[in-house]
Amino acid sequence: MRVIDLINGSRQTAFSFEILPPLKGNSIQKAYQVIDRLREFDPKYINITSHHSEYIEKTQPDGSIRKVNIRKRPGSVAIASAIQNRYGITAVPHIICKGFTREETEYALIDLNFLGVYDLLLLRGDDRNQTGEEASRCYHPHASDLQQQVNRFNQGIALDESRFEQPETPFSYGMACYPEKHEEAPNMDSDIFHAVEKVKNGAGYLVTQMFFDNARYYAFVERLRAEGVTVPVIPGIKPIVFTSQLTVLPKVFRSDIPEALASALRKCKSDDEAKAVGVEWSIMQCKDLIANGVPSLHFYTLMASESVRRIAREIY
C-alpha cells in the first residue's frame with residue numbers, strides 16, 4: 001500500500017521514522033534493534049537513508065597524494081527489501097541525486113521494482129565530490145530532475161530512451177520541503193514555487209526538514225494551501241540529544257532554535273540533560289501539531305531512537 005494511502009487511512013495521526021544503514025562491517029541487526037524499539041507504536045512506514053561514497057586523500061609511499069573513493073554504508077535498496085519482508089511494514093528508501101549517477105539510479109529502480117519496494121523518498125542530497133562538467137553529465141543537479149527520471153521509468157522509458165514494459169506497480173514517492181527556506185533558495189517565494197512544482201509533477205506528499213518552531217510550519221503549509229497544494233505536508237521532528245546541537249543544527253540545517261528552547265539548552269551541563277530537554281520540547285511540539293490536525297509525524301532517529309520512543313509513549 002502506498003505511503004499516501006497509509007497516511008490517509010490512519011485513524012489517528014500516523015507515525016513514521018527513518019533509520020540509518022549500519023556502517024560497513026556491521027550487520028543489519030543494529031537497524032532491526034531500532035525498529036524493534038519503535039515497532040509498538042504502529043509505524044505506517046519506515047524510511048531508510050541513503051549515503052553516497054566519499055573521497056578522502058591518502059598519502060602514497062612516494063609522498064604523493066591520491067584521492068580514494070570510500071563507501072562507509074550499504075545502499076538503501078537491500079535494506080528496504082529486508083525490512084519490508086521481515087516486518088511487513090512499508091519501507092521507503094531514499095533515492096538521492098548526489099553521489100549516484102543517472103545509471104546507478106536506474107539500476108536501483110530496476111532492483112526495487114523487482115523486489116517489490118514501490119515507495120520512495122526523492123532527495124537532492126549534499127554536493128560533496130560532485131563538481132565540474134563531468135559531474136553535471138553524470139548526476140542530477142536537482143531533485144526535480146531525479147523526479148523526472150522516476151516518472152519516465154513509471155512510463156516505461158529507460159535512461160537511453162528505449163522502451164520497456166511499464167511496471168505493473170509504478171513507484172509512488174514523496175519529496176522534501178523547507179518551512180524555514182532551503183539554504184540555497186534566494187527567498188521564501190522561490191522555495192514555495194519549487195515545492196508546488198514537485199507536487200504538480202507527481203509528489204504524493206511532502207515531508208519537511210526538521211524544525212523546532214511550529215509557527216513556521218503552520219505558516220508554510222498555509223502558503224502551500226493558498227497555491228492549491230492539497231497533499232499531506234508531514235512535519236519532520238528531530239529530538240535534540242546533545243548540547244552541541246544548539247549551535248550545530250542552525251549551522252548545518254539552517255534550523256531556527258526558538259529562544260525558550262535555546263535558553264533551556266544553555267543551562268544544560270551534560271548531554272543527558274540536553275536529551276531530557278529535547279524530549280520535553282518534542283512532546284510539546286507533537287501534541288500541538290496533533291491538536292492542529294497534522295496527518296502524520298515523521299521522526300529523524302539518528303542518535304535519538306530512545307528519545308523518539310519516550311516521545312511516542314506520550315503522544316500515541
# chains A, B, ... in the order shown; residues from 1 in each chain; ligands from 1
$ residues_around --residues "segment 241-252 of chain A" --least-positions-apart "6" --cutoff "10 Å" --atoms "only C-alpha atoms" --output "VMD selection string"
chain A and resid 183 210 to 211 261 to 263 265 to 279 302 to 304 306 to 307
$ select_by_dssp --residues "segment 55-231 of chain A" --states "alpha helix (DSSP H)" --output "JSON, numbers by chain"
{"A": [76, 77, 78, 79, 80, 81, 82, 83, 84, 85, 86, 87, 102, 103, 104, 105, 106, 107, 108, 109, 110, 111, 112, 113, 114, 115, 132, 133, 134, 135, 136, 137, 138, 143, 144, 145, 146, 147, 148, 149, 150, 151, 152, 153, 154, 188, 189, 190, 191, 192, 193, 194, 195, 196, 197, 198, 199, 200, 214, 215, 216, 217, 218, 219, 220, 221, 222, 223, 224, 225, 226]}
$ closest_residue --among "A:Leu289, A:Met188, A:Ile157, A:Leu146" --to "Ala215 of chain A" --atoms "only C-alpha atoms"
A:Leu289
$ atom_distance --atom1 "atom CA of His298 of chain A" --atom2 "atom CA of Val207 of chain A"
7.8 Å
$ residues_around --residues "Ser50 of chain A" --least-positions-apart "5" --cutoff "8 Å" --atoms "only C-alpha atoms" --output "PyMOL selection string"
chain A and resi 20-21+75-76+93-96
$ write_last_selection --atoms "C-alpha atoms" --output "JSON list (two decimals), in the first residue's frame"
[["chain", "number", "residue", "atom", "x", "y", "z"],
["A", 20, "LEU", "CA", 20.46, 4.93, 9.26],
["A", 21, "PRO", "CA", 22.08, 1.96, 7.48],
["A", 75, "GLY", "CA", 22.82, 1.23, -0.02],
["A", 76, "SER", "CA", 19.18, 1.52, 0.92],
["A", 93, "PRO", "CA", 14.36, 4.02, 0.60],
["A", 94, "HIS", "CA", 15.84, 7.44, -0.01],
["A", 95, "ILE", "CA", 16.87, 7.96, -3.63],
["A", 96, "ILE", "CA", 19.28, 10.87, -3.91]]
$ decode --residues "segment 5-18 of chain A" --atoms "all heavy atoms" --output "PDB file, in the first residue's frame"
ATOM      1  N   ASP A   5      -1.669   6.417   0.973  1.00  0.00           N
ATOM      2  CA  ASP A   5      -2.865   5.685   1.393  1.00  0.00           C
ATOM      3  C   ASP A   5      -2.770   5.283   2.858  1.00  0.00           C
ATOM      4  O   ASP A   5      -3.776   5.293   3.586  1.00  0.00           O
ATOM      5  CB  ASP A   5      -3.062   4.446   0.518  1.00  0.00           C
ATOM      6  CG  ASP A   5      -3.301   4.793  -0.934  1.00  0.00           C
ATOM      7  OD1 ASP A   5      -3.965   5.821  -1.189  1.00  0.00           O
ATOM      8  OD2 ASP A   5      -2.820   4.061  -1.820  1.00  0.00           O
ATOM      9  N   LEU A   6      -1.588   4.927   3.313  1.00  0.00           N
ATOM     10  CA  LEU A   6      -1.382   4.575   4.713  1.00  0.00           C
ATOM     11  C   LEU A   6      -1.650   5.771   5.619  1.00  0.00           C
ATOM     12  O   LEU A   6      -2.245   5.641   6.694  1.00  0.00           O
ATOM     13  CB  LEU A   6       0.040   4.061   4.928  1.00  0.00           C
ATOM     14  CG  LEU A   6       0.374   2.720   4.264  1.00  0.00           C
ATOM     15  CD1 LEU A   6       1.889   2.486   4.289  1.00  0.00           C
ATOM     16  CD2 LEU A   6      -0.347   1.580   4.971  1.00  0.00           C
ATOM     17  N   ILE A   7      -1.207   6.937   5.188  1.00  0.00           N
ATOM     18  CA  ILE A   7      -1.428   8.152   5.972  1.00  0.00           C
ATOM     19  C   ILE A   7      -2.905   8.511   6.001  1.00  0.00           C
ATOM     20  O   ILE A   7      -3.492   8.750   7.062  1.00  0.00           O
ATOM     21  CB  ILE A   7      -0.602   9.322   5.396  1.00  0.00           C
ATOM     22  CG1 ILE A   7       0.886   9.063   5.589  1.00  0.00           C
ATOM     23  CG2 ILE A   7      -1.006  10.641   6.041  1.00  0.00           C
ATOM     24  CD1 ILE A   7       1.775  10.044   4.849  1.00  0.00           C
ATOM     25  N   ASN A   8      -3.515   8.541   4.820  1.00  0.00           N
ATOM     26  CA  ASN A   8      -4.923   8.930   4.736  1.00  0.00           C
ATOM     27  C   ASN A   8      -5.841   7.922   5.410  1.00  0.00           C
ATOM     28  O   ASN A   8      -6.923   8.278   5.882  1.00  0.00           O
ATOM     29  CB  ASN A   8      -5.334   9.105   3.272  1.00  0.00           C
ATOM     30  CG  ASN A   8      -4.692  10.318   2.627  1.00  0.00           C
ATOM     31  OD1 ASN A   8      -4.303  11.265   3.319  1.00  0.00           O
ATOM     32  ND2 ASN A   8      -4.562  10.309   1.319  1.00  0.00           N
ATOM     33  N   GLY A   9      -5.410   6.644   5.464  1.00  0.00           N
ATOM     34  CA  GLY A   9      -6.244   5.610   6.068  1.00  0.00           C
ATOM     35  C   GLY A   9      -6.052   5.442   7.558  1.00  0.00           C
ATOM     36  O   GLY A   9      -6.750   4.640   8.192  1.00  0.00           O
ATOM     37  N   SER A  10      -5.131   6.206   8.152  1.00  0.00           N
ATOM     38  CA  SER A  10      -4.878   6.073   9.588  1.00  0.00           C
ATOM     39  C   SER A  10      -5.979   6.750  10.398  1.00  0.00           C
ATOM     40  O   SER A  10      -6.401   7.867  10.089  1.00  0.00           O
ATOM     41  CB  SER A  10      -3.515   6.689   9.932  1.00  0.00           C
ATOM     42  OG  SER A  10      -3.245   6.552  11.303  1.00  0.00           O
ATOM     43  N   ARG A  11      -6.421   6.088  11.452  1.00  0.00           N
ATOM     44  CA  ARG A  11      -7.480   6.644  12.296  1.00  0.00           C
ATOM     45  C   ARG A  11      -6.971   7.724  13.240  1.00  0.00           C
ATOM     46  O   ARG A  11      -7.763   8.476  13.803  1.00  0.00           O
ATOM     47  CB  ARG A  11      -8.150   5.525  13.102  1.00  0.00           C
ATOM     48  CG  ARG A  11      -9.043   4.614  12.249  1.00  0.00           C
ATOM     49  CD  ARG A  11      -9.626   3.491  13.063  1.00  0.00           C
ATOM     50  NE  ARG A  11      -8.590   2.541  13.496  1.00  0.00           N
ATOM     51  CZ  ARG A  11      -8.828   1.458  14.229  1.00  0.00           C
ATOM     52  NH1 ARG A  11     -10.050   1.190  14.628  1.00  0.00           N
ATOM     53  NH2 ARG A  11      -7.832   0.649  14.562  1.00  0.00           N
ATOM     54  N   GLN A  12      -5.680   7.786  13.429  1.00  0.00           N
ATOM     55  CA  GLN A  12      -5.079   8.836  14.237  1.00  0.00           C
ATOM     56  C   GLN A  12      -3.881   9.395  13.479  1.00  0.00           C
ATOM     57  O   GLN A  12      -3.563   8.933  12.383  1.00  0.00           O
ATOM     58  CB  GLN A  12      -4.639   8.283  15.586  1.00  0.00           C
ATOM     59  CG  GLN A  12      -3.573   7.200  15.486  1.00  0.00           C
ATOM     60  CD  GLN A  12      -3.068   6.743  16.841  1.00  0.00           C
ATOM     61  OE1 GLN A  12      -3.353   7.354  17.864  1.00  0.00           O
ATOM     62  NE2 GLN A  12      -2.332   5.645  16.864  1.00  0.00           N
ATOM     63  N   THR A  13      -3.238  10.391  14.040  1.00  0.00           N
ATOM     64  CA  THR A  13      -2.044  10.932  13.400  1.00  0.00           C
ATOM     65  C   THR A  13      -1.032   9.813  13.198  1.00  0.00           C
ATOM     66  O   THR A  13      -0.636   9.149  14.155  1.00  0.00           O
ATOM     67  CB  THR A  13      -1.423  12.038  14.276  1.00  0.00           C
ATOM     68  OG1 THR A  13      -2.396  13.054  14.511  1.00  0.00           O
ATOM     69  CG2 THR A  13      -0.215  12.645  13.581  1.00  0.00           C
ATOM     70  N   ALA A  14      -0.651   9.585  11.961  1.00  0.00           N
ATOM     71  CA  ALA A  14       0.234   8.467  11.643  1.00  0.00           C
ATOM     72  C   ALA A  14       1.634   8.700  12.210  1.00  0.00           C
ATOM     73  O   ALA A  14       2.057   9.840  12.440  1.00  0.00           O
ATOM     74  CB  ALA A  14       0.297   8.263  10.134  1.00  0.00           C
ATOM     75  N   PHE A  15       2.342   7.603  12.430  1.00  0.00           N
ATOM     76  CA  PHE A  15       3.690   7.626  12.994  1.00  0.00           C
ATOM     77  C   PHE A  15       4.647   6.969  12.007  1.00  0.00           C
ATOM     78  O   PHE A  15       4.354   5.903  11.452  1.00  0.00           O
ATOM     79  CB  PHE A  15       3.693   6.847  14.318  1.00  0.00           C
ATOM     80  CG  PHE A  15       5.057   6.558  14.885  1.00  0.00           C
ATOM     81  CD1 PHE A  15       5.850   7.574  15.388  1.00  0.00           C
ATOM     82  CD2 PHE A  15       5.548   5.254  14.928  1.00  0.00           C
ATOM     83  CE1 PHE A  15       7.109   7.302  15.928  1.00  0.00           C
ATOM     84  CE2 PHE A  15       6.802   4.967  15.465  1.00  0.00           C
ATOM     85  CZ  PHE A  15       7.576   6.003  15.968  1.00  0.00           C
ATOM     86  N   SER A  16       5.776   7.607  11.751  1.00  0.00           N
ATOM     87  CA  SER A  16       6.815   7.009  10.914  1.00  0.00           C
ATOM     88  C   SER A  16       8.165   7.508  11.399  1.00  0.00           C
ATOM     89  O   SER A  16       8.265   8.500  12.119  1.00  0.00           O
ATOM     90  CB  SER A  16       6.603   7.354   9.438  1.00  0.00           C
ATOM     91  OG  SER A  16       6.777   8.744   9.223  1.00  0.00           O
ATOM     92  N   PHE A  17       9.201   6.823  10.990  1.00  0.00           N
ATOM     93  CA  PHE A  17      10.547   7.237  11.375  1.00  0.00           C
ATOM     94  C   PHE A  17      11.524   6.750  10.323  1.00  0.00           C
ATOM     95  O   PHE A  17      11.170   5.972   9.436  1.00  0.00           O
ATOM     96  CB  PHE A  17      10.917   6.691  12.765  1.00  0.00           C
ATOM     97  CG  PHE A  17      10.919   5.187  12.871  1.00  0.00           C
ATOM     98  CD1 PHE A  17      12.071   4.443  12.635  1.00  0.00           C
ATOM     99  CD2 PHE A  17       9.760   4.506  13.229  1.00  0.00           C
ATOM    100  CE1 PHE A  17      12.069   3.061  12.739  1.00  0.00           C
ATOM    101  CE2 PHE A  17       9.742   3.122  13.345  1.00  0.00           C
ATOM    102  CZ  PHE A  17      10.907   2.402  13.091  1.00  0.00           C
ATOM    103  N   GLU A  18      12.761   7.243  10.416  1.00  0.00           N
ATOM    104  CA  GLU A  18      13.771   6.793   9.478  1.00  0.00           C
ATOM    105  C   GLU A  18      14.973   6.232  10.218  1.00  0.00           C
ATOM    106  O   GLU A  18      15.261   6.619  11.360  1.00  0.00           O
ATOM    107  CB  GLU A  18      14.188   7.909   8.527  1.00  0.00           C
ATOM    108  CG  GLU A  18      14.980   9.045   9.123  1.00  0.00           C
ATOM    109  CD  GLU A  18      15.306  10.084   8.079  1.00  0.00           C
ATOM    110  OE1 GLU A  18      14.425  10.419   7.268  1.00  0.00           O
ATOM    111  OE2 GLU A  18      16.451  10.582   8.065  1.00  0.00           O
TER     112      GLU A  18
END
